$ cat final05.cif   # mmCIF, N, CA and C atoms
data_coords
loop_
_atom_site.label_atom_id
_atom_site.label_comp_id
_atom_site.auth_asym_id
_atom_site.auth_seq_id
_atom_site.Cartn_x
_atom_site.Cartn_y
_atom_site.Cartn_z
N MET A 1 0.83 -1.18 0.00
CA MET A 1 0.00 0.00 0.00
C MET A 1 0.88 1.25 0.00
N ALA A 2 0.53 2.22 -0.79
CA ALA A 2 1.31 3.45 -0.90
C ALA A 2 1.18 4.30 0.35
N VAL A 3 2.25 4.99 0.69
CA VAL A 3 2.24 5.93 1.80
C VAL A 3 2.23 7.33 1.20
N ASN A 4 1.23 8.14 1.56
CA ASN A 4 1.09 9.50 1.05
C ASN A 4 1.57 10.49 2.10
N THR A 5 2.49 11.37 1.70
CA THR A 5 3.09 12.31 2.63
C THR A 5 3.02 13.73 2.06
N PRO A 6 2.41 14.68 2.80
CA PRO A 6 2.45 16.08 2.35
C PRO A 6 3.91 16.52 2.24
N THR A 7 4.23 17.22 1.14
CA THR A 7 5.63 17.55 0.86
C THR A 7 5.76 18.93 0.22
N ALA A 8 6.78 19.66 0.64
CA ALA A 8 7.20 20.87 -0.08
C ALA A 8 8.22 20.41 -1.11
N PHE A 9 7.84 20.39 -2.39
CA PHE A 9 8.70 19.86 -3.45
C PHE A 9 9.88 20.78 -3.74
N ALA A 10 9.59 22.06 -3.86
CA ALA A 10 10.65 23.00 -4.25
C ALA A 10 10.27 24.41 -3.82
N ARG A 11 11.28 25.17 -3.47
CA ARG A 11 11.07 26.59 -3.16
C ARG A 11 12.37 27.34 -3.38
N GLY A 12 12.24 28.56 -3.80
CA GLY A 12 13.42 29.37 -4.04
C GLY A 12 13.14 30.49 -5.00
N ALA A 13 14.19 31.10 -5.50
CA ALA A 13 14.08 32.16 -6.49
C ALA A 13 14.24 31.56 -7.88
N PHE A 14 13.40 31.98 -8.82
CA PHE A 14 13.54 31.54 -10.20
C PHE A 14 14.85 32.06 -10.79
N ALA A 15 15.44 31.30 -11.70
CA ALA A 15 16.52 31.78 -12.55
C ALA A 15 15.88 32.57 -13.69
N THR A 16 16.67 33.27 -14.46
CA THR A 16 16.14 34.03 -15.59
C THR A 16 16.21 33.25 -16.90
N SER A 17 16.68 32.02 -16.83
CA SER A 17 16.61 31.10 -17.99
C SER A 17 16.11 29.76 -17.46
N ASN A 18 15.57 28.96 -18.35
CA ASN A 18 14.92 27.71 -17.95
C ASN A 18 15.84 26.84 -17.10
N ALA A 19 15.32 26.38 -15.97
CA ALA A 19 16.10 25.53 -15.05
C ALA A 19 15.17 24.53 -14.38
N THR A 20 15.72 23.38 -14.01
CA THR A 20 14.94 22.36 -13.30
C THR A 20 14.60 22.84 -11.90
N LEU A 21 13.32 22.76 -11.55
CA LEU A 21 12.88 23.10 -10.20
C LEU A 21 12.75 21.85 -9.35
N TYR A 22 12.34 20.72 -9.99
CA TYR A 22 12.15 19.48 -9.25
C TYR A 22 12.11 18.30 -10.22
N THR A 23 12.73 17.20 -9.84
CA THR A 23 12.66 15.94 -10.58
C THR A 23 12.11 14.88 -9.64
N VAL A 24 11.09 14.15 -10.07
CA VAL A 24 10.47 13.13 -9.24
C VAL A 24 11.45 11.96 -9.06
N PRO A 25 11.70 11.56 -7.81
CA PRO A 25 12.62 10.45 -7.56
C PRO A 25 12.07 9.11 -8.05
N ALA A 26 12.96 8.12 -8.15
CA ALA A 26 12.57 6.77 -8.56
C ALA A 26 11.53 6.20 -7.60
N SER A 27 10.65 5.38 -8.14
CA SER A 27 9.61 4.68 -7.36
C SER A 27 8.69 5.61 -6.59
N THR A 28 8.48 6.81 -7.12
CA THR A 28 7.66 7.81 -6.44
C THR A 28 6.69 8.46 -7.43
N THR A 29 5.50 8.75 -6.95
CA THR A 29 4.54 9.56 -7.70
C THR A 29 4.26 10.79 -6.87
N MET A 30 4.28 11.95 -7.49
CA MET A 30 4.02 13.20 -6.80
C MET A 30 2.74 13.82 -7.36
N ILE A 31 1.99 14.45 -6.49
CA ILE A 31 0.81 15.20 -6.92
C ILE A 31 1.00 16.64 -6.47
N ILE A 32 1.14 17.53 -7.42
CA ILE A 32 1.25 18.96 -7.10
C ILE A 32 -0.15 19.44 -6.73
N THR A 33 -0.27 20.06 -5.57
CA THR A 33 -1.58 20.58 -5.15
C THR A 33 -1.61 22.10 -5.07
N ASN A 34 -0.42 22.71 -4.99
CA ASN A 34 -0.40 24.15 -4.80
C ASN A 34 0.92 24.74 -5.28
N ILE A 35 0.83 25.84 -6.02
CA ILE A 35 2.01 26.61 -6.42
C ILE A 35 1.77 28.05 -6.01
N VAL A 36 2.73 28.61 -5.28
CA VAL A 36 2.66 30.01 -4.87
C VAL A 36 3.84 30.73 -5.51
N ILE A 37 3.55 31.85 -6.18
CA ILE A 37 4.57 32.68 -6.80
C ILE A 37 4.52 34.05 -6.15
N ALA A 38 5.67 34.57 -5.74
CA ALA A 38 5.73 35.89 -5.11
C ALA A 38 6.74 36.76 -5.84
N ASN A 39 6.32 37.95 -6.20
CA ASN A 39 7.22 38.92 -6.82
C ASN A 39 7.60 39.94 -5.76
N THR A 40 8.86 39.94 -5.35
CA THR A 40 9.31 40.84 -4.28
C THR A 40 9.85 42.16 -4.81
N ALA A 41 9.79 42.35 -6.11
CA ALA A 41 10.32 43.58 -6.72
C ALA A 41 9.27 44.69 -6.79
N ALA A 42 9.74 45.90 -6.97
CA ALA A 42 8.86 47.06 -7.11
C ALA A 42 8.36 47.22 -8.54
N THR A 43 8.72 46.28 -9.41
CA THR A 43 8.25 46.30 -10.80
C THR A 43 7.59 44.96 -11.13
N ALA A 44 6.69 44.97 -12.11
CA ALA A 44 6.00 43.75 -12.53
C ALA A 44 6.99 42.77 -13.15
N GLY A 45 6.61 41.50 -13.17
CA GLY A 45 7.45 40.48 -13.76
C GLY A 45 6.61 39.43 -14.45
N THR A 46 7.26 38.37 -14.94
CA THR A 46 6.57 37.24 -15.56
C THR A 46 7.25 35.95 -15.11
N PHE A 47 6.52 34.84 -15.24
CA PHE A 47 7.11 33.53 -14.95
C PHE A 47 6.51 32.49 -15.88
N THR A 48 7.28 31.42 -16.10
CA THR A 48 6.87 30.27 -16.90
C THR A 48 7.22 29.01 -16.11
N ILE A 49 6.27 28.05 -16.07
CA ILE A 49 6.51 26.75 -15.44
C ILE A 49 6.09 25.67 -16.42
N THR A 50 6.95 24.66 -16.60
CA THR A 50 6.65 23.55 -17.50
C THR A 50 6.74 22.22 -16.76
N LEU A 51 5.98 21.24 -17.25
CA LEU A 51 6.06 19.87 -16.77
C LEU A 51 6.44 18.99 -17.93
N ASP A 52 7.64 18.44 -17.88
CA ASP A 52 8.19 17.62 -18.97
C ASP A 52 8.11 18.33 -20.33
N GLY A 53 8.44 19.62 -20.31
CA GLY A 53 8.50 20.39 -21.54
C GLY A 53 7.17 20.94 -22.02
N VAL A 54 6.09 20.65 -21.30
CA VAL A 54 4.76 21.17 -21.67
C VAL A 54 4.42 22.32 -20.74
N ASP A 55 4.02 23.44 -21.31
CA ASP A 55 3.72 24.62 -20.50
C ASP A 55 2.51 24.40 -19.59
N LEU A 56 2.73 24.62 -18.30
CA LEU A 56 1.61 24.70 -17.35
C LEU A 56 1.19 26.16 -17.23
N PHE A 57 2.18 27.05 -17.14
CA PHE A 57 1.96 28.49 -17.07
C PHE A 57 3.02 29.15 -17.96
N LYS A 58 2.60 29.89 -18.96
CA LYS A 58 3.55 30.48 -19.92
C LYS A 58 3.50 31.99 -19.86
N THR A 59 4.61 32.58 -19.52
CA THR A 59 4.80 34.02 -19.48
C THR A 59 3.63 34.71 -18.76
N VAL A 60 3.34 34.21 -17.56
CA VAL A 60 2.25 34.76 -16.75
C VAL A 60 2.73 36.03 -16.06
N ALA A 61 1.96 37.09 -16.18
CA ALA A 61 2.33 38.36 -15.55
C ALA A 61 2.03 38.31 -14.05
N ILE A 62 2.94 38.91 -13.29
CA ILE A 62 2.73 39.05 -11.85
C ILE A 62 3.09 40.49 -11.47
N ALA A 63 2.16 41.15 -10.80
CA ALA A 63 2.35 42.56 -10.45
C ALA A 63 3.46 42.73 -9.43
N ALA A 64 3.95 43.94 -9.32
CA ALA A 64 4.98 44.28 -8.34
C ALA A 64 4.49 43.98 -6.93
N ASN A 65 5.39 43.46 -6.09
CA ASN A 65 5.08 43.20 -4.68
C ASN A 65 3.78 42.44 -4.48
N SER A 66 3.57 41.38 -5.26
CA SER A 66 2.33 40.63 -5.15
C SER A 66 2.58 39.12 -5.14
N THR A 67 1.53 38.39 -4.85
CA THR A 67 1.59 36.93 -4.77
C THR A 67 0.46 36.33 -5.59
N VAL A 68 0.76 35.23 -6.26
CA VAL A 68 -0.23 34.48 -7.02
C VAL A 68 -0.28 33.07 -6.43
N VAL A 69 -1.49 32.59 -6.12
CA VAL A 69 -1.67 31.24 -5.58
C VAL A 69 -2.48 30.43 -6.58
N MET A 70 -1.94 29.25 -6.94
CA MET A 70 -2.62 28.38 -7.90
C MET A 70 -2.84 27.01 -7.26
N ASP A 71 -4.10 26.62 -7.12
CA ASP A 71 -4.44 25.31 -6.59
C ASP A 71 -4.72 24.38 -7.76
N MET A 72 -4.24 23.14 -7.67
CA MET A 72 -4.39 22.20 -8.78
C MET A 72 -4.23 20.78 -8.26
N LYS A 73 -4.44 19.83 -9.13
CA LYS A 73 -4.13 18.42 -8.88
C LYS A 73 -3.42 17.92 -10.13
N GLN A 74 -2.08 17.98 -10.14
CA GLN A 74 -1.28 17.57 -11.29
C GLN A 74 -0.37 16.43 -10.88
N VAL A 75 -0.57 15.25 -11.49
CA VAL A 75 0.22 14.07 -11.17
C VAL A 75 1.54 14.11 -11.93
N MET A 76 2.63 13.80 -11.21
CA MET A 76 3.96 13.67 -11.80
C MET A 76 4.49 12.30 -11.44
N THR A 77 4.84 11.49 -12.43
CA THR A 77 5.37 10.16 -12.18
C THR A 77 6.90 10.18 -12.17
N THR A 78 7.48 9.05 -11.82
CA THR A 78 8.93 8.89 -11.72
C THR A 78 9.67 9.54 -12.89
N THR A 79 10.69 10.29 -12.58
CA THR A 79 11.62 11.00 -13.49
C THR A 79 11.01 12.20 -14.22
N LYS A 80 9.75 12.53 -14.00
CA LYS A 80 9.18 13.72 -14.63
C LYS A 80 9.86 14.96 -14.05
N VAL A 81 10.01 15.99 -14.89
CA VAL A 81 10.75 17.19 -14.50
C VAL A 81 9.83 18.42 -14.53
N LEU A 82 9.85 19.16 -13.43
CA LEU A 82 9.18 20.45 -13.35
C LEU A 82 10.27 21.50 -13.52
N ALA A 83 10.10 22.40 -14.47
CA ALA A 83 11.13 23.41 -14.75
C ALA A 83 10.46 24.78 -14.85
N GLY A 84 11.27 25.82 -14.84
CA GLY A 84 10.71 27.15 -14.98
C GLY A 84 11.76 28.24 -14.93
N PHE A 85 11.28 29.46 -15.14
CA PHE A 85 12.13 30.64 -15.08
C PHE A 85 11.24 31.87 -14.94
N ALA A 86 11.84 33.00 -14.65
CA ALA A 86 11.11 34.25 -14.51
C ALA A 86 11.89 35.38 -15.14
N SER A 87 11.25 36.52 -15.23
CA SER A 87 11.89 37.68 -15.84
C SER A 87 12.96 38.29 -14.94
N ALA A 88 12.93 37.93 -13.64
CA ALA A 88 13.92 38.46 -12.69
C ALA A 88 14.06 37.49 -11.53
N VAL A 89 15.20 37.51 -10.86
CA VAL A 89 15.43 36.62 -9.72
C VAL A 89 14.66 37.06 -8.48
N THR A 90 13.93 38.14 -8.57
CA THR A 90 13.08 38.60 -7.46
C THR A 90 11.72 37.92 -7.47
N VAL A 91 11.50 37.02 -8.42
CA VAL A 91 10.26 36.22 -8.46
C VAL A 91 10.58 34.87 -7.83
N ASN A 92 9.85 34.55 -6.76
CA ASN A 92 10.09 33.34 -5.98
C ASN A 92 8.94 32.34 -6.14
N TYR A 93 9.24 31.05 -5.89
CA TYR A 93 8.22 30.01 -6.01
C TYR A 93 8.23 29.09 -4.79
N HIS A 94 7.08 28.51 -4.52
CA HIS A 94 6.93 27.47 -3.50
C HIS A 94 5.94 26.47 -4.08
N ILE A 95 6.38 25.23 -4.25
CA ILE A 95 5.56 24.19 -4.88
C ILE A 95 5.38 23.07 -3.88
N SER A 96 4.13 22.73 -3.59
CA SER A 96 3.86 21.69 -2.61
C SER A 96 2.80 20.73 -3.09
N GLY A 97 2.69 19.62 -2.38
CA GLY A 97 1.72 18.60 -2.76
C GLY A 97 1.86 17.36 -1.91
N VAL A 98 1.65 16.20 -2.55
CA VAL A 98 1.67 14.92 -1.87
C VAL A 98 2.63 13.98 -2.59
N ALA A 99 3.50 13.31 -1.82
CA ALA A 99 4.39 12.30 -2.36
C ALA A 99 3.79 10.94 -2.03
N SER A 100 3.72 10.07 -3.03
CA SER A 100 3.20 8.73 -2.84
C SER A 100 4.29 7.72 -3.16
N VAL A 101 4.73 6.98 -2.14
CA VAL A 101 5.82 6.02 -2.30
C VAL A 101 5.31 4.61 -2.03
#

$ encode --input "final05.cif" --output "structure tokens"
Amino acid sequence: MAVNTPTAFARGAFATSNATLYTVPASTTMIITNIVIANTAATAGTFTITLDGVDLFKTVAIAANSTVVMDMKQVMTTTKVLAGFASAVTVNYHISGVASV
């Protein structure tokens, strides 16, 4: 029987070019339930997040000094890659969900 554990998958500042945010470990299934994006700059920015090269969010605008919360149920299986980037390193992300091992 699988064990489901609430997990913070990844958090940090986006790079300004595409970079891996999280790779699902072997023998694990992850379910993303929430993504929070925060722009700490005094100017607007954008961000892009992909799952295995497919856009989940493409060049989404985020206002200065604001936060965007996205609730979802997105399954990621073993070795799937979540990647992304933003217009500035002042755009931060927090991705959480459930790990099933």

$ residues_around --input "final05.cif" --residues "segment 44-61 of chain A" --least-positions-apart "4" --cutoff "6.5 Å" --atoms "all atoms listed in the file" --output "PyMOL selection string"
chain A and resi 65+80-88

$ atom_distance --input "final05.cif" --atom1 "atom N of Thr16 of chain A" --atom2 "atom N of Ser100 of chain A"
28.9 Å

$ residues_near_point --input "final05.cif" --point "(17.1, 34.6, -10.6)" --cutoff "6.5 Å" --atoms "only N, CA and C atoms" --output "ChimeraX atom specification"
/A:13-16,88-91

$ residues_around --input "final05.cif" --residues "segment 71-74 of chain A" --least-positions-apart "3" --cutoff "7 Å" --atoms "only N, CA and C atoms" --output "number ranges by chain"
A: 30-35

$ atom_distance --input "final05.cif" --atom1 "atom CA of Thr67 of chain A" --atom2 "atom CA of Ala8 of chain A"
17.6 Å

$ select_by_dssp --input "final05.cif" --residues "chain A" --states "strand (DSSP E)" --output "PyMOL selection string"
chain A and resi 4-13+19-23+29-39+45-51+54-62+66-76+81-86+91-100

$ resolve_selection --input "final05.cif" --expression "the PyMOL selection byres ((chain A and resi 23) around 8)" --output "VMD selection string"
chain A and resid 9 20 to 22 24 to 26 77 to 83

$ resolve_selection --input "final05.cif" --expression "the PyMOL selection byres (((chain A and resi 99 and name CA) around 8) and name CA)" --output "list in words"
Val3, Asn4, Thr5, Pro6, Thr7, Thr28, Thr29, Met30, Ile31, Gly97, Val98, Ser100 and Val101 of chain A

$ write_last_selection --input "final05.cif" --atoms "N, CA and C atoms" --output "PDB file, in the coordinates of the input"
ATOM      1  N   VAL A   3       2.250   4.990   0.690  1.00  0.00           N
ATOM      2  CA  VAL A   3       2.240   5.930   1.800  1.00  0.00           C
ATOM      3  C   VAL A   3       2.230   7.330   1.200  1.00  0.00           C
ATOM      4  N   ASN A   4       1.230   8.140   1.560  1.00  0.00           N
ATOM      5  CA  ASN A   4       1.090   9.500   1.050  1.00  0.00           C
ATOM      6  C   ASN A   4       1.570  10.490   2.100  1.00  0.00           C
ATOM      7  N   THR A   5       2.490  11.370   1.700  1.00  0.00           N
ATOM      8  CA  THR A   5       3.090  12.310   2.630  1.00  0.00           C
ATOM      9  C   THR A   5       3.020  13.730   2.060  1.00  0.00           C
ATOM     10  N   PRO A   6       2.410  14.680   2.800  1.00  0.00           N
ATOM     11  CA  PRO A   6       2.450  16.080   2.350  1.00  0.00           C
ATOM     12  C   PRO A   6       3.910  16.520   2.240  1.00  0.00           C
ATOM     13  N   THR A   7       4.230  17.220   1.140  1.00  0.00           N
ATOM     14  CA  THR A   7       5.630  17.550   0.860  1.00  0.00           C
ATOM     15  C   THR A   7       5.760  18.930   0.220  1.00  0.00           C
ATOM     16  N   THR A  28       8.480   6.810  -7.120  1.00  0.00           N
ATOM     17  CA  THR A  28       7.660   7.810  -6.440  1.00  0.00           C
ATOM     18  C   THR A  28       6.690   8.460  -7.430  1.00  0.00           C
ATOM     19  N   THR A  29       5.500   8.750  -6.950  1.00  0.00           N
ATOM     20  CA  THR A  29       4.540   9.560  -7.700  1.00  0.00           C
ATOM     21  C   THR A  29       4.260  10.790  -6.870  1.00  0.00           C
ATOM     22  N   MET A  30       4.280  11.950  -7.490  1.00  0.00           N
ATOM     23  CA  MET A  30       4.020  13.200  -6.800  1.00  0.00           C
ATOM     24  C   MET A  30       2.740  13.820  -7.360  1.00  0.00           C
ATOM     25  N   ILE A  31       1.990  14.450  -6.490  1.00  0.00           N
ATOM     26  CA  ILE A  31       0.810  15.200  -6.920  1.00  0.00           C
ATOM     27  C   ILE A  31       1.000  16.640  -6.470  1.00  0.00           C
ATOM     28  N   GLY A  97       2.690  19.620  -2.380  1.00  0.00           N
ATOM     29  CA  GLY A  97       1.720  18.600  -2.760  1.00  0.00           C
ATOM     30  C   GLY A  97       1.860  17.360  -1.910  1.00  0.00           C
ATOM     31  N   VAL A  98       1.650  16.200  -2.550  1.00  0.00           N
ATOM     32  CA  VAL A  98       1.670  14.920  -1.870  1.00  0.00           C
ATOM     33  C   VAL A  98       2.630  13.980  -2.590  1.00  0.00           C
ATOM     34  N   SER A 100       3.720  10.070  -3.030  1.00  0.00           N
ATOM     35  CA  SER A 100       3.200   8.730  -2.840  1.00  0.00           C
ATOM     36  C   SER A 100       4.290   7.720  -3.160  1.00  0.00           C
ATOM     37  N   VAL A 101       4.730   6.980  -2.140  1.00  0.00           N
ATOM     38  CA  VAL A 101       5.820   6.020  -2.300  1.00  0.00           C
ATOM     39  C   VAL A 101       5.310   4.610  -2.030  1.00  0.00           C
TER      40      VAL A 101
END

$ atom_distance --input "final05.cif" --atom1 "atom CA of Arg11 of chain A" --atom2 "atom CA of Ser27 of chain A"
22.4 Å

$ resolve_selection --input "final05.cif" --expression "the PyMOL selection byres ((chain A and resi 40) around 7)" --output "list in words"
Ala38, Asn39, Ala41, Ala42, Thr43, Ala64, Asn65, Ser66, Thr90, Val91 and Asn92 of chain A

$ axis_aligned_box --input "final05.cif" --around "segment 47-58 of chain A" --padding-each-side "8 Å" --output "JSON"
{"center_x": 4.8, "center_y": 26.2, "center_z": -18.5, "size_x": 23.3, "size_y": 33.2, "size_z": 23.1}
